[in-house]
$ cat run_17.txt   # compact mmCIF, C-alpha atoms
# COMPACT_ATOMS: atom_id res chain seq x y z
CA MET C 1 -21.69 2.96 31.43
CA LYS C 2 -25.16 4.00 30.36
CA THR C 3 -26.66 7.10 31.95
CA THR C 4 -30.41 7.65 32.29
CA ARG C 5 -31.91 11.07 31.65
CA ARG C 6 -32.87 11.45 35.33
CA LYS C 7 -29.41 10.41 36.54
CA PHE C 8 -27.77 12.68 33.99
CA ILE C 9 -29.65 15.72 35.22
CA LYS C 10 -28.82 14.85 38.81
CA LEU C 11 -25.11 14.34 38.15
CA ALA C 12 -24.77 17.42 35.99
CA ALA C 13 -26.04 19.71 38.73
CA VAL C 14 -22.68 20.04 40.47
CA PRO C 15 -22.43 22.62 43.30
CA MET C 16 -20.27 25.03 41.33
CA ILE C 17 -22.98 25.52 38.70
CA THR C 18 -25.64 28.11 39.34
CA ALA C 19 -26.80 28.88 35.80
CA PRO C 20 -29.98 27.25 34.40
CA PHE C 21 -29.21 23.76 33.08
CA ILE C 22 -30.65 23.19 29.61
CA ILE C 23 -29.79 19.91 27.90
CA PRO C 24 -29.52 20.12 24.11
CA SER C 25 -31.15 17.27 22.21
CA ARG C 26 -27.87 16.37 20.52
CA VAL C 27 -26.52 15.04 23.86
CA TRP C 28 -28.94 12.11 23.71
CA MET C 29 -27.85 11.28 20.15
CA TYR C 30 -24.20 10.85 21.18
CA PRO C 31 -23.77 7.19 22.18
CA PRO C 32 -21.69 6.91 25.40
CA SER C 33 -20.17 3.65 24.08
CA ASN C 34 -18.36 5.63 21.36
CA ARG C 35 -16.64 7.91 23.84
CA ILE C 36 -13.42 6.71 25.47
CA THR C 37 -13.44 7.33 29.22
CA MET C 38 -10.38 8.54 31.09
CA GLY C 39 -9.08 9.07 34.61
CA PHE C 40 -6.17 11.37 35.54
CA VAL C 41 -3.53 10.60 38.17
CA GLY C 42 -1.48 13.64 39.23
CA MET C 43 -3.02 17.09 38.68
CA GLY C 44 -0.05 19.47 38.61
CA LYS C 45 1.16 21.85 35.91
CA GLN C 46 1.60 19.23 33.17
CA SER C 47 -1.85 17.80 33.78
CA GLN C 48 -3.38 21.21 33.10
CA TRP C 49 -2.01 20.90 29.56
CA LEU C 50 -3.00 17.25 29.15
CA LEU C 51 -6.46 17.85 30.53
CA ALA C 52 -7.07 20.61 27.99
CA LYS C 53 -6.03 18.23 25.19
CA PHE C 54 -8.06 15.21 26.30
CA LEU C 55 -11.24 16.88 27.62
CA PRO C 56 -12.77 17.47 24.16
CA LEU C 57 -11.75 14.01 22.93
CA THR C 58 -12.81 11.79 25.84
CA GLN C 59 -15.14 11.59 28.80
CA VAL C 60 -13.01 12.38 31.86
CA LEU C 61 -14.66 10.55 34.75
CA ALA C 62 -12.16 11.05 37.56
CA VAL C 63 -9.09 12.89 38.80
CA CYS C 64 -6.64 11.85 41.52
CA GLU C 65 -4.29 14.17 43.40
CA VAL C 66 -2.73 14.14 46.88
CA ASP C 67 -3.05 17.93 47.27
CA THR C 68 -6.63 18.82 48.25
CA THR C 69 -6.62 22.20 46.47
CA ARG C 70 -5.33 20.83 43.17
CA ARG C 71 -7.70 17.88 43.41
CA ASP C 72 -10.79 20.02 43.95
CA ASP C 73 -9.74 22.56 41.34
CA SER C 74 -9.22 19.86 38.68
CA GLN C 75 -12.61 18.33 39.42
CA LYS C 76 -14.24 21.72 38.94
CA VAL C 77 -12.33 22.35 35.69
CA VAL C 78 -13.58 19.06 34.26
CA ASN C 79 -17.18 19.52 35.34
CA LYS C 80 -17.28 23.10 34.10
CA PHE C 81 -15.93 22.07 30.71
CA TYR C 82 -18.66 19.46 30.24
CA TYR C 83 -21.31 21.78 31.58
CA ASP C 84 -20.24 24.45 29.06
CA ASN C 85 -19.83 21.86 26.26
CA GLN C 86 -22.67 19.44 26.86
CA ASP C 87 -22.21 17.77 23.49
CA LYS C 88 -18.73 16.64 24.63
CA GLY C 89 -19.72 14.72 27.74
CA VAL C 90 -21.36 14.65 31.16
CA ALA C 91 -20.36 16.83 34.13
CA ASP C 92 -19.80 13.90 36.48
CA CYS C 93 -16.11 13.94 37.44
CA LYS C 94 -15.18 12.34 40.77
CA ALA C 95 -12.06 13.24 42.77
CA TYR C 96 -9.79 10.80 44.64
CA ASN C 97 -6.80 10.94 46.96
CA ASP C 98 -5.93 7.26 46.32
CA TYR C 99 -5.20 6.37 42.70
CA LEU C 100 -6.20 2.74 43.33
CA GLU C 101 -9.83 3.84 43.80
CA LEU C 102 -9.72 5.50 40.40
CA ILE C 103 -8.10 2.52 38.70
CA ASP C 104 -10.61 0.11 40.29
CA ARG C 105 -13.48 1.78 38.44
CA ARG C 106 -14.65 -0.54 35.68
CA ASP C 107 -16.15 2.35 33.68
CA ILE C 108 -12.74 3.98 33.11
CA ASP C 109 -11.03 2.81 29.89
CA THR C 110 -7.78 4.79 30.02
CA VAL C 111 -5.55 6.38 32.65
CA CYS C 112 -3.42 9.48 32.12
CA ILE C 113 -0.44 9.68 34.52
CA ALA C 114 1.41 12.96 35.09
CA THR C 115 3.00 12.49 38.50
CA PRO C 116 6.65 13.04 39.47
CA ASP C 117 8.93 10.41 37.90
CA HIS C 118 9.17 8.22 41.02
CA TRP C 119 5.39 7.76 40.93
CA HIS C 120 5.06 6.64 37.30
CA THR C 121 5.58 2.91 37.44
CA GLU C 122 3.15 1.66 40.09
CA PRO C 123 0.11 3.45 38.62
CA ILE C 124 1.14 2.21 35.16
CA LEU C 125 1.43 -1.41 36.29
CA GLN C 126 -1.76 -1.31 38.34
CA SER C 127 -3.67 0.25 35.43
CA LEU C 128 -2.42 -2.38 33.00
CA ARG C 129 -3.40 -5.20 35.36
CA LYS C 130 -6.88 -3.71 35.63
CA GLY C 131 -7.25 -3.70 31.84
CA LYS C 132 -6.69 0.04 31.33
CA ASP C 133 -4.75 1.60 28.48
CA VAL C 134 -2.24 4.20 29.65
CA PHE C 135 -0.90 7.60 28.63
CA CYS C 136 2.09 8.40 30.85
CA GLU C 137 4.32 11.42 30.79
CA LYS C 138 8.02 11.15 29.98
CA PRO C 139 10.45 10.02 31.18
CA LEU C 140 8.53 6.77 31.35
CA THR C 141 10.14 5.39 34.53
CA HIS C 142 12.44 6.26 37.42
CA THR C 143 14.81 3.27 37.10
CA ILE C 144 16.00 0.83 34.44
CA GLN C 145 14.21 -2.12 36.04
CA GLU C 146 10.95 -0.19 36.04
CA ALA C 147 11.33 0.38 32.29
CA ILE C 148 11.82 -3.35 31.76
CA ASP C 149 8.82 -4.14 33.96
CA VAL C 150 6.56 -1.70 32.10
CA MET C 151 7.55 -3.00 28.65
CA LYS C 152 6.81 -6.57 29.74
CA ALA C 153 3.55 -5.65 31.44
CA VAL C 154 2.12 -3.91 28.36
CA ASP C 155 2.70 -7.06 26.32
CA ASN C 156 1.54 -9.45 29.04
CA ASN C 157 -1.71 -7.54 29.56
CA LYS C 158 -2.21 -6.77 25.85
CA ARG C 159 -2.77 -3.09 26.51
CA VAL C 160 -1.88 0.17 24.74
CA LEU C 161 0.63 2.64 26.21
CA GLN C 162 1.72 6.00 24.87
CA THR C 163 4.46 8.00 26.57
CA GLY C 164 4.51 11.79 26.38
CA SER C 165 7.46 12.09 23.95
CA MET C 166 5.36 14.40 21.83
CA GLN C 167 8.18 15.41 19.49
CA ARG C 168 7.34 12.18 17.63
CA SER C 169 4.08 13.89 16.66
CA MET C 170 5.78 17.06 15.36
CA LYS C 171 6.49 17.15 11.65
CA GLU C 172 9.92 18.79 11.91
CA PHE C 173 11.30 15.90 13.97
CA ARG C 174 9.80 13.24 11.73
CA ILE C 175 11.21 14.91 8.60
CA ALA C 176 14.62 15.28 10.26
CA CYS C 177 14.66 11.57 11.05
CA GLU C 178 13.48 10.64 7.55
CA LEU C 179 16.33 12.69 6.09
CA VAL C 180 18.80 10.76 8.23
CA ARG C 181 17.22 7.34 7.67
CA ASN C 182 17.14 7.83 3.90
CA GLY C 183 20.85 8.66 3.72
CA CYS C 184 20.40 12.27 2.69
CA ILE C 185 23.47 13.29 4.69
CA GLY C 186 25.44 10.12 4.10
CA LYS C 187 26.76 7.77 6.75
CA ILE C 188 26.11 9.02 10.28
CA ASP C 189 29.19 9.51 12.44
CA HIS C 190 27.67 10.96 15.59
CA VAL C 191 24.71 12.84 17.04
CA GLU C 192 24.80 15.69 19.53
CA CYS C 193 21.82 16.17 21.85
CA SER C 194 21.47 19.26 24.02
CA PHE C 195 19.95 18.89 27.48
CA GLY C 196 20.65 19.40 31.17
CA GLY C 197 22.58 17.31 33.65
CA PRO C 198 21.82 14.57 36.17
CA PRO C 199 19.78 14.91 39.37
CA VAL C 200 21.43 15.26 42.77
CA PRO C 201 20.61 13.80 46.20
CA CYS C 202 17.91 15.81 47.94
CA ASP C 203 19.29 18.04 50.71
CA LEU C 204 16.37 20.44 51.09
CA PRO C 205 15.53 21.58 54.64
CA GLY C 206 12.25 20.65 56.28
CA GLU C 207 9.39 23.18 56.29
CA ASN C 208 6.09 23.49 58.09
CA MET C 209 3.23 22.37 55.91
CA GLU C 210 -0.30 23.71 56.05
CA PRO C 211 -3.07 21.04 56.08
CA GLY C 212 -4.34 19.60 52.83
CA LEU C 213 -1.44 17.56 51.41
CA ASP C 214 -1.00 13.82 51.93
CA TRP C 215 2.81 14.05 52.19
CA ASN C 216 3.37 10.36 52.87
CA ARG C 217 1.45 9.50 49.72
CA TRP C 218 3.34 12.17 47.71
CA LEU C 219 6.63 10.57 48.76
CA GLY C 220 5.25 7.12 48.06
CA PRO C 221 8.11 4.71 47.22
CA ALA C 222 10.77 7.41 47.79
CA PRO C 223 12.63 7.64 51.13
CA MET C 224 10.83 9.37 53.97
CA ARG C 225 11.90 13.01 54.51
CA PRO C 226 10.39 16.26 55.84
CA TYR C 227 8.16 18.36 53.59
CA ASN C 228 9.67 21.07 51.39
CA SER C 229 7.61 23.33 49.12
CA ILE C 230 10.18 23.11 46.30
CA LEU C 231 9.16 19.49 45.85
CA SER C 232 5.41 20.01 46.04
CA PRO C 233 4.20 23.62 46.17
CA ARG C 234 0.83 23.80 47.86
CA GLY C 235 -2.27 24.44 45.82
CA VAL C 236 -2.69 25.30 42.16
CA HIS C 237 0.55 26.62 40.72
CA ASP C 238 1.57 27.72 37.23
CA HIS C 239 5.13 26.40 37.14
CA TYR C 240 6.96 23.09 36.98
CA PRO C 241 8.17 22.23 40.50
CA ASP C 242 11.83 21.34 40.88
CA TRP C 243 11.39 17.81 42.22
CA ARG C 244 12.98 16.56 39.00
CA SER C 245 16.36 17.95 40.09
CA TYR C 246 16.55 15.44 42.97
CA LYS C 247 17.35 11.81 42.26
CA GLU C 248 14.89 10.42 44.83
CA TYR C 249 11.98 11.79 42.77
CA GLY C 250 13.22 12.77 39.30
CA THR C 251 15.79 12.10 36.62
CA GLY C 252 17.20 15.61 36.25
CA GLY C 253 17.68 17.45 32.98
CA VAL C 254 18.78 14.12 31.49
CA GLY C 255 15.32 12.68 32.00
CA ASP C 256 13.54 15.93 31.18
CA TRP C 257 14.77 17.25 27.81
CA GLY C 258 17.04 14.25 27.39
CA ALA C 259 13.99 12.00 27.16
CA HIS C 260 12.78 14.17 24.25
CA HIS C 261 16.03 14.56 22.33
CA LEU C 262 17.50 11.10 22.92
CA ASP C 263 14.17 9.74 21.69
CA ILE C 264 14.66 11.58 18.38
CA ALA C 265 18.27 10.38 18.16
CA GLN C 266 17.08 6.79 18.59
CA TRP C 267 14.38 7.34 15.94
CA GLY C 268 16.79 8.86 13.45
CA LEU C 269 19.34 6.07 13.98
CA GLY C 270 16.73 3.33 13.61
CA MET C 271 17.39 2.11 17.16
CA ASP C 272 13.82 2.01 18.50
CA GLU C 273 14.08 -1.74 19.04
CA SER C 274 17.64 -1.68 20.36
CA GLY C 275 19.90 0.79 22.13
CA PRO C 276 23.49 1.62 23.02
CA VAL C 277 26.05 -1.00 24.05
CA GLU C 278 28.20 1.33 26.12
CA VAL C 279 28.07 4.63 27.97
CA ARG C 280 31.27 6.57 28.65
CA PHE C 281 32.79 10.02 28.73
CA ILE C 282 34.28 11.58 25.61
CA GLY C 283 36.29 14.39 27.13
CA THR C 284 33.83 15.85 29.61
CA ASP C 285 30.74 14.89 27.60
CA ALA C 286 28.61 11.83 28.34
CA ALA C 287 28.21 9.61 25.28
CA LEU C 288 26.12 6.59 24.33
CA ILE C 289 27.99 4.24 21.98
CA TYR C 290 26.10 1.96 19.59
CA SER C 291 27.27 -1.37 18.15
CA ASN C 292 27.86 0.25 14.74
CA GLY C 293 30.23 2.79 16.32
CA ILE C 294 27.85 5.76 16.17
CA LYS C 295 28.04 8.02 19.21
CA VAL C 296 25.21 10.06 20.74
CA ILE C 297 26.85 12.80 22.78
CA ARG C 298 25.24 14.97 25.44
CA LYS C 299 26.05 18.67 25.04
CA GLU C 300 25.18 21.33 27.58
CA ASN C 301 24.37 23.81 24.82
CA GLY C 302 23.56 22.99 21.23
CA PHE C 303 20.88 22.86 18.57
CA GLY C 304 18.61 20.32 20.24
CA VAL C 305 19.29 17.27 18.06
CA HIS C 306 22.20 17.55 15.61
CA PHE C 307 23.02 14.66 13.24
CA PHE C 308 26.49 14.68 11.66
CA GLY C 309 26.89 12.65 8.46
CA SER C 310 29.64 12.09 5.91
CA GLU C 311 27.83 14.36 3.43
CA GLY C 312 26.03 16.86 5.61
CA GLU C 313 24.16 17.75 8.78
CA VAL C 314 20.57 17.78 10.02
CA MET C 315 19.67 20.04 12.96
CA VAL C 316 16.25 20.13 14.59
CA ASN C 317 14.62 21.57 17.67
CA ARG C 318 11.20 23.01 18.43
CA GLY C 319 10.91 26.01 16.14
CA THR C 320 14.36 25.65 14.55
CA PHE C 321 15.49 23.51 11.63
CA LYS C 322 18.50 23.34 9.35
CA VAL C 323 19.76 20.93 6.68
CA ILE C 324 23.16 21.06 5.01
CA VAL C 325 24.06 18.68 2.17
CA LYS C 326 27.52 18.72 0.60
CA ASN C 327 28.25 22.17 2.08
CA HIS C 328 25.02 23.57 0.62
CA THR C 329 22.27 24.83 2.94
CA VAL C 330 19.08 23.20 1.68
CA ALA C 331 16.74 24.61 4.33
CA SER C 332 17.22 26.80 7.37
CA PHE C 333 15.09 28.49 9.99
CA THR C 334 17.10 29.59 13.02
CA ASP C 335 17.40 32.66 15.23
CA THR C 336 19.89 34.18 12.81
CA GLU C 337 18.59 32.74 9.52
CA SER C 338 14.85 33.39 9.19
CA LYS C 339 14.50 36.44 7.00
CA ASN C 340 11.92 35.86 4.28
CA THR C 341 10.46 32.49 5.17
CA SER C 342 8.70 30.57 7.92
CA PHE C 343 9.71 27.62 10.01
CA MET C 344 7.32 25.14 8.39
CA GLU C 345 8.13 26.44 4.91
CA GLU C 346 11.74 25.41 5.47
CA VAL C 347 10.73 21.99 6.80
CA ASP C 348 8.45 21.50 3.77
CA LYS C 349 11.25 22.64 1.46
CA ALA C 350 13.61 19.99 2.78
CA GLU C 351 10.92 17.34 2.45
CA LYS C 352 10.11 18.33 -1.13
CA LEU C 353 13.71 18.55 -2.31
CA LEU C 354 15.21 15.55 -0.54
CA LEU C 355 12.42 13.11 0.28
CA LYS C 356 10.40 13.04 -2.95
CA ASN C 357 11.33 9.42 -3.65
CA ALA C 358 12.16 8.41 -0.08
CA ARG C 359 12.38 4.69 0.52
CA ILE C 360 11.76 4.99 4.26
CA LYS C 361 8.64 6.70 5.59
CA LEU C 362 8.25 6.93 9.35
CA TYR C 363 5.10 6.73 11.47
CA GLU C 364 3.15 9.94 10.86
CA SER C 365 1.22 11.35 13.80
CA ASN C 366 -0.21 14.85 13.70
CA SER C 367 -1.56 14.80 17.26
CA HIS C 368 0.08 12.89 20.11
CA TYR C 369 -3.22 12.69 21.97
CA GLU C 370 -5.46 11.69 19.09
CA ASP C 371 -2.83 9.13 18.09
CA PHE C 372 -3.14 7.51 21.52
CA LEU C 373 -6.93 7.40 21.35
CA SER C 374 -6.80 6.03 17.80
CA SER C 375 -4.56 3.23 19.04
CA VAL C 376 -6.95 2.54 21.92
CA ARG C 377 -9.64 1.95 19.32
CA SER C 378 -7.54 0.04 16.77
CA ARG C 379 -5.30 -1.82 19.31
CA LYS C 380 -2.24 -0.92 17.23
CA LYS C 381 0.86 0.47 18.92
CA PRO C 382 0.97 4.31 19.03
CA VAL C 383 3.83 6.49 17.82
CA ALA C 384 5.58 6.58 21.22
CA ASN C 385 4.68 3.16 22.56
CA GLU C 386 6.12 1.35 25.58
CA GLN C 387 9.09 -0.10 23.68
CA ILE C 388 10.08 3.34 22.39
CA GLY C 389 9.50 5.10 25.71
CA GLY C 390 11.13 2.30 27.67
CA ARG C 391 14.28 2.12 25.56
CA THR C 392 14.61 5.89 25.46
CA VAL C 393 14.38 6.20 29.22
CA ILE C 394 17.00 3.46 29.57
CA CYS C 395 19.31 5.73 27.56
CA CYS C 396 18.58 8.49 30.09
CA HIS C 397 19.25 6.18 33.02
CA LEU C 398 22.55 4.98 31.52
CA ILE C 399 23.75 8.57 31.19
CA ASN C 400 22.71 9.32 34.77
CA GLN C 401 24.50 6.17 35.93
CA LEU C 402 27.63 7.39 34.16
CA TYR C 403 27.51 10.65 36.12
CA PHE C 404 26.68 8.92 39.41
CA ASN C 405 29.49 6.36 39.14
CA ASN C 406 31.97 8.31 37.01
CA THR C 407 32.99 5.18 35.13
CA ALA C 408 32.19 3.65 31.74
CA MET C 409 29.63 0.85 31.58
CA LYS C 410 28.74 -1.84 29.05
CA TRP C 411 25.09 -2.53 28.30
CA ASP C 412 23.27 -5.38 26.54
CA PRO C 413 20.15 -3.88 24.89
CA VAL C 414 18.81 -7.32 23.96
CA ASN C 415 18.85 -8.85 27.43
CA PHE C 416 18.58 -5.55 29.33
CA SER C 417 21.63 -6.13 31.48
CA PHE C 418 24.98 -4.60 32.34
CA THR C 419 27.92 -6.63 31.06
CA ASP C 420 31.61 -7.12 31.88
CA GLY C 421 30.96 -6.49 35.56
CA THR C 422 29.99 -2.87 35.00
CA GLY C 423 26.96 -0.85 36.09
CA ASP C 424 25.07 -0.31 39.32
CA PRO C 425 22.97 -3.44 40.03
CA SER C 426 20.60 -1.43 42.24
CA TRP C 427 19.13 0.05 39.06
CA LEU C 428 18.13 -3.46 38.02
CA THR C 429 16.05 -3.97 41.16
CA ASN C 430 12.91 -2.40 42.52
CA ASN C 431 13.95 -1.76 46.11
CA LYS C 432 11.48 0.97 46.99
CA ARG C 433 10.04 2.11 50.32
CA ASP C 434 6.82 0.40 51.35
CA TRP C 435 5.06 3.65 52.10
CA THR C 436 1.71 1.95 52.82
CA LYS C 437 3.05 0.73 56.20
CA THR C 438 4.18 4.20 57.32
$ encode --input "run_17.txt" --output "structure tokens"
Amino acid sequence: MKTTRRKFIKLAAVPMITAPFIIPSRVWMYPPSNRITMGFVGMGKQSQWLLAKFLPLTQVLAVCEVDTTRRDDSQKVVNKFYYDNQDKGVADCKAYNDYLELIDRRDIDTVCIATPDHWHTEPILQSLRKGKDVFCEKPLTHTIQEAIDVMKAVDNNKRVLQTGSMQRSMKEFRIACELVRNGCIGKIDHVECSFGGPPVPCDLPGENMEPGLDWNRWLGPAPMRPYNSILSPRGVHDHYPDWRSYKEYGTGGVGDWGAHHLDIAQWGLGMDESGPVEVRFIGTDAALIYSNGIKVIRKENGFGVHFFGSEGEVMVNRGTFKVIVKNHTVASFTDTESKNTSFMEEVDKAEKLLLKNARIKLYESNSHYEDFLSSVRSRKKPVANEQIGGRTVICCHLINQLYFNNTAMKWDPVNFSFTDGTGDPSWLTNNKRDWTKT
């Protein structure tokens, strides 16, 4: 969308700005057509982080939020950034209560979604149908069927989708997976992933709510219930609300850190285009079983992601890394083993010693956000595309289903279906509340 000089001056003079407005000549030399435009849906804590990442790289044209205070605050943050950094874009951000108004704008190329889990899928699907590329936070969806629908919709609409599994863009996780994929620790027996448990049914009491929140729209496809501030604290807050602990809105610790660590397990096992064939308990631990017999086991406390092979172990988490080959510690940076080295020095050491002649090299992304925008331009799939995010979140949902039903289930990762009469069929439907008629 081209902007005339007169219109630019008019739009840039937002009410919050009182300082003299001087336009540097370099603004007019920056072609708007080269700048990807973006709209944001959901302006809570996570969006503060995402907004800071995308503001310098794109032109943010709109924000959408059902809480008036967060909505207005986000609009001001965007406009102030572009006012203070006039070479980065134009201070012309609009604010919406209804995400459909944002998505309907033809001048918006991409949509960034950072809502609670139960509000991921509809904005994704609507954005794809309107020709938008999408960045959506993890876990990608709230149910298995939604994951299937999103994967199909990306292909059908020929769009780009990146999910927020940003560990794929961190070198330590890529190197850990390359070590596993190249056989540096022999044949893999099992993987332990450390993350929290499943969500529970919401039993929070009703509270009085001050004006300024569209509660019906916040609930959206979830069941109607009275307002509670634990689910959606009013105004701008600096914490992650606990809606994710309740199954009507979130996927619990399984969908939170599990979406990160199970994603790395899938990457290291070469299962990005497949998935487990069974989910069951091993003792008291939930486990995903793959067709080759490898088990991915949920642990309450552990290293993050821990690969066990016939000839060694690879352990990785954010800020910690350890590799053991044939009982010899090749590299280590942990809370107890970090004396005269640094974290990245140990990661680089493992890469240099064990991957010099590696046959398998994995997708290298150094920025999750720039990788998405690069894929928007090139039309190639990003590092955490819809197939990766969709199949990872299915792993999360299978583990949650195991806890909900307390019985083993068989899964067909090719046809996306439960087999042998197992599984909860409701997770292969989209029976959601029609909140628009409330």
$ residues_around --input "run_17.txt" --residues "C:Leu231" --least-positions-apart "5" --cutoff "12 Å" --atoms "all atoms listed in the file" --output "ChimeraX atom specification"
/C:44,115-116,202-207,215,218-219,225-226,239-250
$ closest_residue --input "run_17.txt" --among "C:Leu57, C:Ile103, C:Cys136, C:Ile297" --to "C:Phe195" --atoms "all atoms listed in the file"
C:Ile297
$ closest_residue --input "run_17.txt" --among "C:Lys322, C:His328, C:Lys80, C:His368" --to "C:Glu137" --atoms "all atoms listed in the file"
C:His368
$ atom_distance --input "run_17.txt" --atom1 "atom CA of C:Gln126" --atom2 "atom CA of C:Tyr363"
28.9 Å
$ residues_around --input "run_17.txt" --residues "stretch 264-281 of chain C" --least-positions-apart "5" --cutoff "8 Å" --atoms "only C-alpha atoms" --output "ChimeraX atom specification"
/C:167-168,173,176-178,180-181,191,193,286-291,296,305,387-388,391-392,395,398-399,402,407-414
$ atom_distance --input "run_17.txt" --atom1 "atom CA of C:Lys94" --atom2 "atom CA of C:Pro221"
25.3 Å
$ closest_residue --input "run_17.txt" --among "C:Glu386, C:Asp104, C:Asp92, C:Asp371" --to "C:Lys132" --atoms "all atoms listed in the file"
C:Asp104
$ residues_around --input "run_17.txt" --residues "C:Leu55" --least-positions-apart "5" --cutoff "12 Å" --atoms "all atoms listed in the file" --output "PyMOL selection string"
chain C and resi 35-40+47-50+60-62+74-75+77-91+93+112+369-370
$ atom_distance --input "run_17.txt" --atom1 "atom CA of C:Trp257" --atom2 "atom CA of C:Thr334"
19.4 Å
$ residues_near_point --input "run_17.txt" --point "(14.6, 24.5, 13.9)" --cutoff "9 Å" --atoms "all atoms listed in the file" --output "compact mmCIF listing (two decimals) with C-alpha atoms, keeping the file's coordinate frame"
# COMPACT_ATOMS: atom_id res chain seq x y z
CA GLU C 172 9.92 18.79 11.91
CA PHE C 303 20.88 22.86 18.57
CA GLY C 304 18.61 20.32 20.24
CA MET C 315 19.67 20.04 12.96
CA VAL C 316 16.25 20.13 14.59
CA ASN C 317 14.62 21.57 17.67
CA ARG C 318 11.20 23.01 18.43
CA GLY C 319 10.91 26.01 16.14
CA THR C 320 14.36 25.65 14.55
CA PHE C 321 15.49 23.51 11.63
CA LYS C 322 18.50 23.34 9.35
CA SER C 332 17.22 26.80 7.37
CA PHE C 333 15.09 28.49 9.99
CA THR C 334 17.10 29.59 13.02
CA ASP C 335 17.40 32.66 15.23
CA PHE C 343 9.71 27.62 10.01
CA GLU C 346 11.74 25.41 5.47
CA VAL C 347 10.73 21.99 6.80
$ closest_residue --input "run_17.txt" --among "C:Val376, C:Met209, C:Val63, C:Val154" --to "C:Asn228" --atoms "all atoms listed in the file"
C:Met209
$ closest_residue --input "run_17.txt" --among "C:Glu101, C:Lys295, C:Arg234, C:Glu192" --to "C:Asp214" --atoms "only C-alpha atoms"
C:Arg234
$ closest_residue --input "run_17.txt" --among "C:Thr69, C:Thr121, C:Ser127, C:Ser194" --to "C:Asp256" --atoms "all atoms listed in the file"
C:Ser194
$ residues_around --input "run_17.txt" --residues "C:Ser165" --least-positions-apart "3" --cutoff "7 Å" --atoms "only C-alpha atoms" --output "number ranges by chain"
C: 138, 168, 260, 384
$ residues_around --input "run_17.txt" --residues "C:Leu140" --least-positions-apart "4" --cutoff "8 Å" --atoms "all atoms listed in the file" --output "mmCIF file with C-alpha atoms, in the frame of the given file"
data_model
loop_
_atom_site.group_PDB
_atom_site.id
_atom_site.type_symbol
_atom_site.label_atom_id
_atom_site.label_comp_id
_atom_site.auth_asym_id
_atom_site.auth_seq_id
_atom_site.Cartn_x
_atom_site.Cartn_y
_atom_site.Cartn_z
ATOM 1 C CA ASP C 117 8.930 10.410 37.900
ATOM 2 C CA HIS C 120 5.060 6.640 37.300
ATOM 3 C CA THR C 121 5.580 2.910 37.440
ATOM 4 C CA CYS C 136 2.090 8.400 30.850
ATOM 5 C CA ALA C 147 11.330 0.380 32.290
ATOM 6 C CA THR C 163 4.460 8.000 26.570
ATOM 7 C CA GLY C 389 9.500 5.100 25.710
ATOM 8 C CA GLY C 390 11.130 2.300 27.670
ATOM 9 C CA VAL C 393 14.380 6.200 29.220
#
$ build_atoms --input "run_17.txt" --residues "stretch 425-436 of chain C" --atoms "N, CA and C atoms" --output "compact mmCIF listing (two decimals), keeping the file's coordinate frame"
# COMPACT_ATOMS: atom_id res chain seq x y z
N PRO C 425 24.05 -2.44 40.02
CA PRO C 425 22.97 -3.44 40.03
C PRO C 425 21.71 -2.96 40.72
N SER C 426 21.80 -1.92 41.55
CA SER C 426 20.60 -1.43 42.24
C SER C 426 19.59 -0.87 41.25
N TRP C 427 20.06 -0.47 40.05
CA TRP C 427 19.13 0.05 39.06
C TRP C 427 18.46 -1.06 38.27
N LEU C 428 18.81 -2.31 38.60
CA LEU C 428 18.13 -3.46 38.02
C LEU C 428 17.35 -4.19 39.11
N THR C 429 16.93 -3.46 40.12
CA THR C 429 16.05 -3.97 41.16
C THR C 429 14.98 -2.93 41.42
N ASN C 430 13.97 -3.33 42.16
CA ASN C 430 12.91 -2.40 42.52
C ASN C 430 12.81 -2.26 44.03
N ASN C 431 13.93 -1.94 44.67
CA ASN C 431 13.95 -1.76 46.11
C ASN C 431 13.43 -0.38 46.46
N LYS C 432 12.13 -0.30 46.67
CA LYS C 432 11.48 0.97 46.99
C LYS C 432 10.87 0.91 48.39
N ARG C 433 10.67 2.05 48.99
CA ARG C 433 10.04 2.11 50.32
C ARG C 433 8.60 1.63 50.27
N ASP C 434 8.22 0.80 51.22
CA ASP C 434 6.82 0.40 51.35
C ASP C 434 6.08 1.47 52.15
N TRP C 435 5.64 2.49 51.44
CA TRP C 435 5.06 3.65 52.10
C TRP C 435 3.70 3.34 52.72
N THR C 436 3.05 2.27 52.30
CA THR C 436 1.71 1.95 52.82
C THR C 436 1.74 1.53 54.27
